[in-house]
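Visitor: Sharing input-v5.txt below, compact mmCIF, N, CA and C atoms:
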```
# COMPACT_ATOMS: atom_id res chain seq x y z
N MET A 1 -55.38 -79.09 22.19
CA MET A 1 -55.51 -77.75 21.67
C MET A 1 -55.36 -77.81 20.15
N THR A 2 -56.29 -77.21 19.44
CA THR A 2 -56.24 -77.19 17.98
C THR A 2 -55.48 -75.95 17.53
N ARG A 3 -54.53 -76.17 16.60
CA ARG A 3 -53.76 -75.06 16.04
C ARG A 3 -54.06 -74.99 14.55
N LEU A 4 -54.15 -73.77 14.03
CA LEU A 4 -54.43 -73.56 12.61
C LEU A 4 -53.17 -73.15 11.88
N PHE A 5 -52.96 -73.74 10.69
CA PHE A 5 -51.81 -73.42 9.85
C PHE A 5 -52.29 -73.17 8.44
N LYS A 6 -51.54 -72.35 7.71
CA LYS A 6 -51.77 -72.15 6.28
C LYS A 6 -50.59 -72.79 5.57
N VAL A 7 -50.87 -73.77 4.70
CA VAL A 7 -49.84 -74.53 4.01
C VAL A 7 -50.01 -74.31 2.51
N THR A 8 -48.89 -74.08 1.80
CA THR A 8 -48.93 -73.94 0.35
C THR A 8 -48.27 -75.16 -0.29
N VAL A 9 -49.01 -75.85 -1.17
CA VAL A 9 -48.51 -77.02 -1.87
C VAL A 9 -48.74 -76.80 -3.35
N ASN A 10 -47.66 -76.82 -4.13
CA ASN A 10 -47.74 -76.62 -5.58
C ASN A 10 -48.56 -75.38 -5.94
N GLY A 11 -48.36 -74.30 -5.19
CA GLY A 11 -49.02 -73.05 -5.50
C GLY A 11 -50.44 -72.92 -4.98
N ARG A 12 -51.00 -73.97 -4.38
CA ARG A 12 -52.35 -73.91 -3.82
C ARG A 12 -52.25 -73.81 -2.32
N GLU A 13 -53.04 -72.92 -1.74
CA GLU A 13 -53.02 -72.72 -0.29
C GLU A 13 -54.09 -73.59 0.37
N TYR A 14 -53.74 -74.16 1.51
CA TYR A 14 -54.67 -74.96 2.29
C TYR A 14 -54.67 -74.46 3.73
N ASP A 15 -55.85 -74.34 4.34
CA ASP A 15 -55.97 -74.05 5.77
C ASP A 15 -56.06 -75.41 6.45
N VAL A 16 -55.14 -75.66 7.40
CA VAL A 16 -55.08 -76.96 8.05
C VAL A 16 -55.23 -76.77 9.55
N ALA A 17 -56.12 -77.52 10.16
CA ALA A 17 -56.29 -77.52 11.62
C ALA A 17 -55.62 -78.78 12.15
N VAL A 18 -54.72 -78.62 13.14
CA VAL A 18 -53.97 -79.73 13.69
C VAL A 18 -54.25 -79.80 15.19
N LEU A 19 -54.58 -81.00 15.65
CA LEU A 19 -54.82 -81.21 17.07
C LEU A 19 -53.48 -81.53 17.71
N GLU A 20 -53.03 -80.68 18.64
CA GLU A 20 -51.74 -80.85 19.30
C GLU A 20 -51.91 -81.77 20.50
N LEU A 21 -51.11 -82.82 20.55
CA LEU A 21 -51.13 -83.76 21.66
C LEU A 21 -49.83 -83.66 22.42
N THR A 22 -49.90 -83.68 23.73
CA THR A 22 -48.68 -83.70 24.54
C THR A 22 -48.35 -85.15 24.84
N PRO A 23 -47.07 -85.49 25.03
CA PRO A 23 -46.70 -86.88 25.30
C PRO A 23 -47.46 -87.43 26.51
N GLY A 24 -48.04 -88.61 26.32
CA GLY A 24 -48.76 -89.27 27.40
C GLY A 24 -50.21 -88.85 27.53
N ALA A 25 -50.63 -87.84 26.78
CA ALA A 25 -52.01 -87.38 26.86
C ALA A 25 -52.88 -88.18 25.91
N ALA A 26 -54.06 -88.52 26.33
CA ALA A 26 -54.99 -89.25 25.47
C ALA A 26 -55.63 -88.26 24.50
N PRO A 27 -55.88 -88.70 23.26
CA PRO A 27 -56.53 -87.80 22.31
C PRO A 27 -57.94 -87.45 22.79
N SER A 28 -58.33 -86.22 22.55
CA SER A 28 -59.67 -85.78 22.95
C SER A 28 -60.69 -86.32 21.96
N THR A 29 -61.93 -86.15 22.27
CA THR A 29 -62.99 -86.61 21.38
C THR A 29 -63.44 -85.48 20.46
N ALA A 30 -62.49 -84.61 20.11
CA ALA A 30 -62.80 -83.50 19.22
C ALA A 30 -63.18 -84.04 17.85
N PRO A 31 -64.05 -83.36 17.13
CA PRO A 31 -64.44 -83.83 15.80
C PRO A 31 -63.24 -83.83 14.86
N ALA A 32 -63.27 -84.76 13.91
CA ALA A 32 -62.18 -84.86 12.94
C ALA A 32 -62.13 -83.60 12.09
N LEU A 33 -60.95 -83.09 11.85
CA LEU A 33 -60.76 -81.90 11.03
C LEU A 33 -60.05 -82.29 9.76
N SER A 34 -60.38 -81.63 8.67
CA SER A 34 -59.73 -81.94 7.41
C SER A 34 -59.18 -80.67 6.78
N ALA A 35 -58.22 -80.87 5.87
CA ALA A 35 -57.63 -79.72 5.16
C ALA A 35 -58.62 -79.23 4.13
N GLN A 36 -58.79 -77.93 4.03
CA GLN A 36 -59.67 -77.32 3.06
C GLN A 36 -58.86 -76.44 2.13
N PRO A 37 -58.90 -76.70 0.80
CA PRO A 37 -58.17 -75.82 -0.09
C PRO A 37 -58.76 -74.42 -0.07
N THR A 38 -57.91 -73.43 -0.23
CA THR A 38 -58.37 -72.05 -0.27
C THR A 38 -57.87 -71.38 -1.53
N GLU A 39 -58.55 -70.35 -1.93
CA GLU A 39 -58.13 -69.58 -3.09
C GLU A 39 -58.00 -68.13 -2.66
N PRO A 40 -56.89 -67.47 -3.05
CA PRO A 40 -56.72 -66.09 -2.65
C PRO A 40 -57.78 -65.20 -3.30
N VAL A 41 -58.21 -64.18 -2.56
CA VAL A 41 -59.15 -63.19 -3.09
C VAL A 41 -58.57 -61.81 -2.83
N ALA A 42 -59.21 -60.80 -3.37
CA ALA A 42 -58.72 -59.44 -3.20
C ALA A 42 -58.58 -59.10 -1.73
N GLY A 43 -57.53 -58.40 -1.36
CA GLY A 43 -57.31 -58.01 0.01
C GLY A 43 -56.45 -58.99 0.78
N GLY A 44 -56.00 -60.07 0.11
CA GLY A 44 -55.10 -61.03 0.74
C GLY A 44 -55.79 -62.02 1.65
N VAL A 45 -57.11 -62.01 1.73
CA VAL A 45 -57.83 -62.96 2.56
C VAL A 45 -58.23 -64.14 1.69
N ALA A 46 -58.05 -65.34 2.22
CA ALA A 46 -58.35 -66.54 1.43
C ALA A 46 -59.78 -66.99 1.70
N ALA A 47 -60.44 -67.47 0.66
CA ALA A 47 -61.79 -67.99 0.78
C ALA A 47 -61.76 -69.48 0.46
N ALA A 48 -62.68 -70.24 1.02
CA ALA A 48 -62.71 -71.68 0.76
C ALA A 48 -63.00 -71.93 -0.71
N ALA A 49 -62.26 -72.88 -1.29
CA ALA A 49 -62.43 -73.20 -2.70
C ALA A 49 -63.66 -74.08 -2.89
N PRO A 50 -64.34 -73.94 -4.02
CA PRO A 50 -65.49 -74.80 -4.26
C PRO A 50 -65.02 -76.24 -4.48
N SER A 51 -65.89 -77.17 -4.16
CA SER A 51 -65.57 -78.59 -4.35
C SER A 51 -65.46 -78.88 -5.84
N ARG A 52 -64.43 -79.60 -6.23
CA ARG A 52 -64.23 -79.92 -7.65
C ARG A 52 -64.21 -81.43 -7.79
N THR A 53 -65.31 -82.00 -8.27
CA THR A 53 -65.36 -83.44 -8.48
C THR A 53 -65.57 -83.69 -9.97
N PRO A 54 -64.68 -84.45 -10.58
CA PRO A 54 -64.80 -84.72 -12.00
C PRO A 54 -66.07 -85.51 -12.30
N SER A 55 -66.88 -85.02 -13.22
CA SER A 55 -68.12 -85.69 -13.54
C SER A 55 -67.87 -86.97 -14.33
N VAL A 56 -66.87 -86.99 -15.19
CA VAL A 56 -66.57 -88.17 -15.99
C VAL A 56 -66.09 -89.30 -15.09
N ALA A 57 -65.31 -88.99 -14.06
CA ALA A 57 -64.78 -90.03 -13.17
C ALA A 57 -65.90 -90.72 -12.42
N ALA A 58 -66.99 -90.02 -12.18
CA ALA A 58 -68.10 -90.60 -11.44
C ALA A 58 -68.85 -91.62 -12.28
N ALA A 59 -68.74 -91.52 -13.62
CA ALA A 59 -69.43 -92.45 -14.49
C ALA A 59 -68.82 -93.83 -14.35
N SER A 60 -69.68 -94.84 -14.30
CA SER A 60 -69.14 -96.20 -14.18
C SER A 60 -68.86 -96.75 -15.57
N ALA A 61 -67.92 -97.68 -15.61
CA ALA A 61 -67.52 -98.27 -16.88
C ALA A 61 -68.62 -99.19 -17.38
N GLY A 62 -68.92 -99.09 -18.66
CA GLY A 62 -69.93 -99.95 -19.27
C GLY A 62 -69.27 -101.03 -20.10
N ALA A 63 -70.07 -101.80 -20.79
CA ALA A 63 -69.56 -102.86 -21.65
C ALA A 63 -68.72 -102.24 -22.76
N GLY A 64 -67.54 -102.77 -22.95
CA GLY A 64 -66.66 -102.28 -24.00
C GLY A 64 -65.78 -101.12 -23.60
N ASP A 65 -65.98 -100.58 -22.40
CA ASP A 65 -65.17 -99.44 -21.96
C ASP A 65 -63.78 -99.90 -21.52
N GLU A 66 -62.78 -99.14 -21.92
CA GLU A 66 -61.42 -99.32 -21.41
C GLU A 66 -61.25 -98.23 -20.37
N VAL A 67 -60.67 -98.56 -19.22
CA VAL A 67 -60.55 -97.60 -18.12
C VAL A 67 -59.09 -97.33 -17.79
N ALA A 68 -58.84 -96.16 -17.21
CA ALA A 68 -57.49 -95.81 -16.76
C ALA A 68 -57.12 -96.73 -15.60
N GLN A 69 -55.88 -97.26 -15.63
CA GLN A 69 -55.44 -98.18 -14.58
C GLN A 69 -55.21 -97.43 -13.28
N MET A 70 -54.83 -96.16 -13.37
CA MET A 70 -54.53 -95.34 -12.19
C MET A 70 -54.73 -93.88 -12.55
N GLY A 71 -54.74 -93.03 -11.55
CA GLY A 71 -54.88 -91.61 -11.79
C GLY A 71 -53.62 -91.04 -12.42
N GLY A 72 -53.76 -90.06 -13.27
CA GLY A 72 -52.62 -89.42 -13.92
C GLY A 72 -53.08 -88.46 -15.00
N VAL A 73 -52.16 -88.19 -15.93
CA VAL A 73 -52.45 -87.27 -17.03
C VAL A 73 -52.24 -88.00 -18.35
N ILE A 74 -53.19 -87.85 -19.26
CA ILE A 74 -53.07 -88.46 -20.59
C ILE A 74 -52.00 -87.70 -21.35
N VAL A 75 -50.99 -88.43 -21.84
CA VAL A 75 -49.89 -87.82 -22.58
C VAL A 75 -50.15 -87.92 -24.08
N GLN A 76 -50.69 -89.06 -24.51
CA GLN A 76 -50.87 -89.29 -25.94
C GLN A 76 -52.04 -90.24 -26.16
N VAL A 77 -52.88 -89.94 -27.14
CA VAL A 77 -53.97 -90.84 -27.54
C VAL A 77 -53.57 -91.42 -28.89
N ASN A 78 -53.47 -92.75 -28.97
CA ASN A 78 -52.96 -93.41 -30.17
C ASN A 78 -54.04 -93.89 -31.13
N VAL A 79 -55.32 -93.73 -30.77
CA VAL A 79 -56.40 -94.23 -31.61
C VAL A 79 -57.43 -93.13 -31.86
N LYS A 80 -58.27 -93.36 -32.90
CA LYS A 80 -59.34 -92.43 -33.24
C LYS A 80 -60.65 -93.22 -33.35
N VAL A 81 -61.75 -92.53 -33.27
CA VAL A 81 -63.05 -93.17 -33.46
C VAL A 81 -63.09 -93.79 -34.85
N GLY A 82 -63.56 -95.04 -34.91
CA GLY A 82 -63.65 -95.75 -36.19
C GLY A 82 -62.45 -96.63 -36.48
N GLN A 83 -61.38 -96.47 -35.72
CA GLN A 83 -60.16 -97.27 -35.93
C GLN A 83 -60.35 -98.67 -35.37
N THR A 84 -59.86 -99.68 -36.12
CA THR A 84 -59.90 -101.07 -35.66
C THR A 84 -58.64 -101.35 -34.87
N VAL A 85 -58.80 -101.99 -33.70
CA VAL A 85 -57.66 -102.31 -32.85
C VAL A 85 -57.63 -103.81 -32.55
N ALA A 86 -56.43 -104.30 -32.28
CA ALA A 86 -56.24 -105.71 -31.91
C ALA A 86 -55.95 -105.80 -30.42
N VAL A 87 -56.13 -106.98 -29.85
CA VAL A 87 -55.81 -107.20 -28.44
C VAL A 87 -54.34 -106.88 -28.21
N GLY A 88 -54.06 -106.09 -27.16
CA GLY A 88 -52.68 -105.75 -26.83
C GLY A 88 -52.15 -104.51 -27.52
N GLU A 89 -52.91 -103.91 -28.40
CA GLU A 89 -52.47 -102.69 -29.10
C GLU A 89 -52.52 -101.51 -28.13
N SER A 90 -51.52 -100.61 -28.21
CA SER A 90 -51.46 -99.44 -27.34
C SER A 90 -52.53 -98.44 -27.75
N LEU A 91 -53.42 -98.13 -26.79
CA LEU A 91 -54.52 -97.20 -27.06
C LEU A 91 -54.15 -95.77 -26.70
N LEU A 92 -53.45 -95.62 -25.56
CA LEU A 92 -53.04 -94.29 -25.12
C LEU A 92 -51.90 -94.43 -24.12
N VAL A 93 -51.28 -93.30 -23.82
CA VAL A 93 -50.18 -93.25 -22.85
C VAL A 93 -50.63 -92.36 -21.70
N LEU A 94 -50.51 -92.90 -20.48
CA LEU A 94 -50.91 -92.22 -19.26
C LEU A 94 -49.68 -92.00 -18.39
N GLU A 95 -49.43 -90.75 -17.98
CA GLU A 95 -48.30 -90.47 -17.09
C GLU A 95 -48.80 -90.38 -15.67
N ALA A 96 -48.19 -91.21 -14.81
CA ALA A 96 -48.53 -91.21 -13.39
C ALA A 96 -47.24 -91.38 -12.60
N MET A 97 -47.02 -90.53 -11.63
CA MET A 97 -45.82 -90.58 -10.79
C MET A 97 -44.54 -90.59 -11.63
N LYS A 98 -44.50 -89.72 -12.63
CA LYS A 98 -43.33 -89.53 -13.51
C LYS A 98 -43.02 -90.75 -14.37
N MET A 99 -43.97 -91.68 -14.48
CA MET A 99 -43.78 -92.87 -15.33
C MET A 99 -44.87 -92.88 -16.39
N LYS A 100 -44.49 -93.28 -17.60
CA LYS A 100 -45.45 -93.37 -18.69
C LYS A 100 -45.93 -94.81 -18.80
N ASN A 101 -47.25 -94.98 -18.76
CA ASN A 101 -47.88 -96.29 -18.81
C ASN A 101 -48.76 -96.37 -20.05
N HIS A 102 -48.63 -97.47 -20.79
CA HIS A 102 -49.46 -97.68 -21.97
C HIS A 102 -50.72 -98.42 -21.56
N LEU A 103 -51.88 -97.93 -22.01
CA LEU A 103 -53.13 -98.65 -21.83
C LEU A 103 -53.30 -99.51 -23.07
N LEU A 104 -53.31 -100.82 -22.88
CA LEU A 104 -53.41 -101.76 -23.99
C LEU A 104 -54.84 -102.26 -24.14
N ALA A 105 -55.24 -102.51 -25.39
CA ALA A 105 -56.59 -103.00 -25.68
C ALA A 105 -56.78 -104.37 -25.06
N SER A 106 -57.87 -104.53 -24.31
CA SER A 106 -58.17 -105.82 -23.70
C SER A 106 -59.04 -106.68 -24.62
N ARG A 107 -59.51 -106.09 -25.70
CA ARG A 107 -60.33 -106.84 -26.67
C ARG A 107 -60.10 -106.26 -28.07
N ALA A 108 -60.37 -107.04 -29.06
CA ALA A 108 -60.28 -106.57 -30.44
C ALA A 108 -61.61 -105.95 -30.83
N GLY A 109 -61.58 -104.97 -31.72
CA GLY A 109 -62.82 -104.35 -32.18
C GLY A 109 -62.57 -102.99 -32.78
N THR A 110 -63.63 -102.20 -32.82
CA THR A 110 -63.57 -100.86 -33.40
C THR A 110 -63.80 -99.84 -32.29
N VAL A 111 -62.98 -98.80 -32.29
CA VAL A 111 -63.12 -97.73 -31.30
C VAL A 111 -64.37 -96.93 -31.65
N THR A 112 -65.32 -96.87 -30.70
CA THR A 112 -66.57 -96.13 -30.95
C THR A 112 -66.63 -94.79 -30.23
N ARG A 113 -65.86 -94.66 -29.12
CA ARG A 113 -65.82 -93.39 -28.38
C ARG A 113 -64.43 -93.18 -27.81
N VAL A 114 -63.95 -91.95 -27.89
CA VAL A 114 -62.72 -91.55 -27.19
C VAL A 114 -63.14 -90.42 -26.25
N LEU A 115 -63.00 -90.67 -24.94
CA LEU A 115 -63.52 -89.74 -23.94
C LEU A 115 -62.47 -88.78 -23.38
N VAL A 116 -61.22 -88.93 -23.80
CA VAL A 116 -60.14 -88.09 -23.28
C VAL A 116 -59.28 -87.56 -24.41
N ALA A 117 -58.47 -86.56 -24.09
CA ALA A 117 -57.51 -86.00 -25.04
C ALA A 117 -56.20 -85.79 -24.30
N ALA A 118 -55.13 -85.58 -25.04
CA ALA A 118 -53.83 -85.32 -24.43
C ALA A 118 -53.94 -84.12 -23.50
N GLY A 119 -53.39 -84.27 -22.29
CA GLY A 119 -53.42 -83.20 -21.30
C GLY A 119 -54.54 -83.34 -20.28
N ASP A 120 -55.49 -84.24 -20.51
CA ASP A 120 -56.58 -84.44 -19.57
C ASP A 120 -56.11 -85.21 -18.34
N ALA A 121 -56.58 -84.80 -17.17
CA ALA A 121 -56.31 -85.54 -15.94
C ALA A 121 -57.41 -86.59 -15.77
N VAL A 122 -57.02 -87.81 -15.38
CA VAL A 122 -57.99 -88.89 -15.17
C VAL A 122 -57.76 -89.53 -13.81
N GLU A 123 -58.76 -90.22 -13.33
CA GLU A 123 -58.67 -90.97 -12.08
C GLU A 123 -58.68 -92.45 -12.39
N GLY A 124 -58.15 -93.25 -11.48
CA GLY A 124 -58.16 -94.69 -11.66
C GLY A 124 -59.58 -95.20 -11.80
N GLY A 125 -59.82 -96.06 -12.78
CA GLY A 125 -61.14 -96.62 -13.02
C GLY A 125 -62.03 -95.78 -13.91
N GLN A 126 -61.55 -94.60 -14.31
CA GLN A 126 -62.34 -93.72 -15.17
C GLN A 126 -62.34 -94.25 -16.60
N PRO A 127 -63.52 -94.37 -17.24
CA PRO A 127 -63.58 -94.79 -18.64
C PRO A 127 -62.87 -93.77 -19.52
N VAL A 128 -62.02 -94.25 -20.45
CA VAL A 128 -61.29 -93.34 -21.34
C VAL A 128 -61.68 -93.54 -22.80
N LEU A 129 -62.12 -94.74 -23.17
CA LEU A 129 -62.60 -94.99 -24.52
C LEU A 129 -63.41 -96.27 -24.56
N THR A 130 -64.13 -96.48 -25.66
CA THR A 130 -64.99 -97.66 -25.80
C THR A 130 -64.61 -98.40 -27.07
N ILE A 131 -64.52 -99.73 -26.94
CA ILE A 131 -64.25 -100.61 -28.10
C ILE A 131 -65.44 -101.55 -28.24
N GLN A 132 -66.04 -101.60 -29.43
CA GLN A 132 -67.16 -102.53 -29.70
C GLN A 132 -66.73 -103.57 -30.70
```
Let me see the file written as structure tokens.
Guide:
Amino acid sequence: MTRLFKVTVNGREYDVAVLELTPGAAPSTAPALSAQPTEPVAGGVAAAAPSRTPSVAAASAGAGDEVAQMGGVIVQVNVKVGQTVAVGESLLVLEAMKMKNHLLASRAGTVTRVLVAAGDAVEGGQPVLTIQ
């Protein structure tokens, strides 16, 4: 039997369908259900939220790109376009799971693009700047 629940996490509401299993019962071949975020609308009825996929995260890293090691929020950008950097120099600070991680330059060169700013959310593998 599928039961529906409304769950609020960090201020966002989700409609969740849960398949209830009794002890010793085999799972049914019901289709997989997933949580769908909802957004409140006038009248107190929630509507399904539109899909939000970061376009920058979908871009693949090119030659010279430095990428975020993990998903998180950029706290500080330590370089500017045109700045020369050495191997191991701190390029930016990324906060993930309440820890601040420094992204260090993997090559020496000149910064040609900075794709993020302080406060931006990034995903693991997302290009954040380019060094040529």
Visitor: Quick one: residues within 8 Å of stretch 120-122 of chain A, all atoms listed in the file counted, chain neighbours fewer than 3 positions away excluded, as a PyMOL selection string?
Guide: chain A and resi 57+68+70-76+116-117+125-126
Visitor: Would you write out those residues with N, CA and C atoms, as an mmCIF file, in the coordinates of the input?
Guide:
```cif
data_model
loop_
_atom_site.group_PDB
_atom_site.id
_atom_site.type_symbol
_atom_site.label_atom_id
_atom_site.label_comp_id
_atom_site.auth_asym_id
_atom_site.auth_seq_id
_atom_site.Cartn_x
_atom_site.Cartn_y
_atom_site.Cartn_z
ATOM 1 N N ALA A 57 -65.310 -88.990 -14.060
ATOM 2 C CA ALA A 57 -64.780 -90.030 -13.170
ATOM 3 C C ALA A 57 -65.900 -90.720 -12.420
ATOM 4 N N ALA A 68 -58.840 -96.160 -17.210
ATOM 5 C CA ALA A 68 -57.490 -95.810 -16.760
ATOM 6 C C ALA A 68 -57.120 -96.730 -15.600
ATOM 7 N N MET A 70 -54.830 -96.160 -13.370
ATOM 8 C CA MET A 70 -54.530 -95.340 -12.190
ATOM 9 C C MET A 70 -54.730 -93.880 -12.550
ATOM 10 N N GLY A 71 -54.740 -93.030 -11.550
ATOM 11 C CA GLY A 71 -54.880 -91.610 -11.790
ATOM 12 C C GLY A 71 -53.620 -91.040 -12.420
ATOM 13 N N GLY A 72 -53.760 -90.060 -13.270
ATOM 14 C CA GLY A 72 -52.620 -89.420 -13.920
ATOM 15 C C GLY A 72 -53.080 -88.460 -15.000
ATOM 16 N N VAL A 73 -52.160 -88.190 -15.930
ATOM 17 C CA VAL A 73 -52.450 -87.270 -17.030
ATOM 18 C C VAL A 73 -52.240 -88.000 -18.350
ATOM 19 N N ILE A 74 -53.190 -87.850 -19.260
ATOM 20 C CA ILE A 74 -53.070 -88.460 -20.590
ATOM 21 C C ILE A 74 -52.000 -87.700 -21.350
ATOM 22 N N VAL A 75 -50.990 -88.430 -21.840
ATOM 23 C CA VAL A 75 -49.890 -87.820 -22.580
ATOM 24 C C VAL A 75 -50.150 -87.920 -24.080
ATOM 25 N N GLN A 76 -50.690 -89.060 -24.510
ATOM 26 C CA GLN A 76 -50.870 -89.290 -25.940
ATOM 27 C C GLN A 76 -52.040 -90.240 -26.160
ATOM 28 N N VAL A 116 -61.220 -88.930 -23.800
ATOM 29 C CA VAL A 116 -60.140 -88.090 -23.280
ATOM 30 C C VAL A 116 -59.280 -87.560 -24.410
ATOM 31 N N ALA A 117 -58.470 -86.560 -24.090
ATOM 32 C CA ALA A 117 -57.510 -86.000 -25.040
ATOM 33 C C ALA A 117 -56.200 -85.790 -24.300
ATOM 34 N N GLY A 125 -59.820 -96.060 -12.780
ATOM 35 C CA GLY A 125 -61.140 -96.620 -13.020
ATOM 36 C C GLY A 125 -62.030 -95.780 -13.910
ATOM 37 N N GLN A 126 -61.550 -94.600 -14.310
ATOM 38 C CA GLN A 126 -62.340 -93.720 -15.170
ATOM 39 C C GLN A 126 -62.340 -94.250 -16.600
#
```
Visitor: Using only C-alpha atoms, find the one residue out of A:Val114, A:Val16, A:Leu94, A:Val7 that sits nearest to A:Val79.
Guide: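 With only C-alpha atoms as the atom set, the closest residue is A:Val114.
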Visitor: Mind pulling up the distance from atom C of A:Phe5 to atom N of A:Val18?
Guide: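 Taking atom N of A:Val18 as the start and atom C of A:Phe5 as the end point, the length is 7.6 Å.
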Visitor: Calculate how many Å separate atom CA of A:Val87 from atom CA of A:Gly119, rounding to one decimal.
Guide: 25.2 Å
Visitor: With distances taken over only N, CA and C atoms, which of A:Val111, A:Ala63, A:Thr8, A:Met99 is nearest to A:Gln83?
Guide: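 Among the listed residues, A:Val111 lies closest to A:Gln83.
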Visitor: So, with only N, CA and C atoms as the atoms that count, which of A:Leu91, A:Met97, A:Val81, A:Ala86 lies closest to A:Thr112?
Guide: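 Looking at the shortest contact to A:Thr112, the residue is A:Val81.
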Visitor: Using only N, CA and C atoms for the distances, tell me which of A:Lys98, A:Tyr14, A:Gln69, A:Gly82 is nearest to A:Gly124.
Guide: A:Gln69
Visitor: Mind pulling up the distance from atom CA of A:Gly11 to atom CA of A:Ala118?
Guide: 23.1 Å
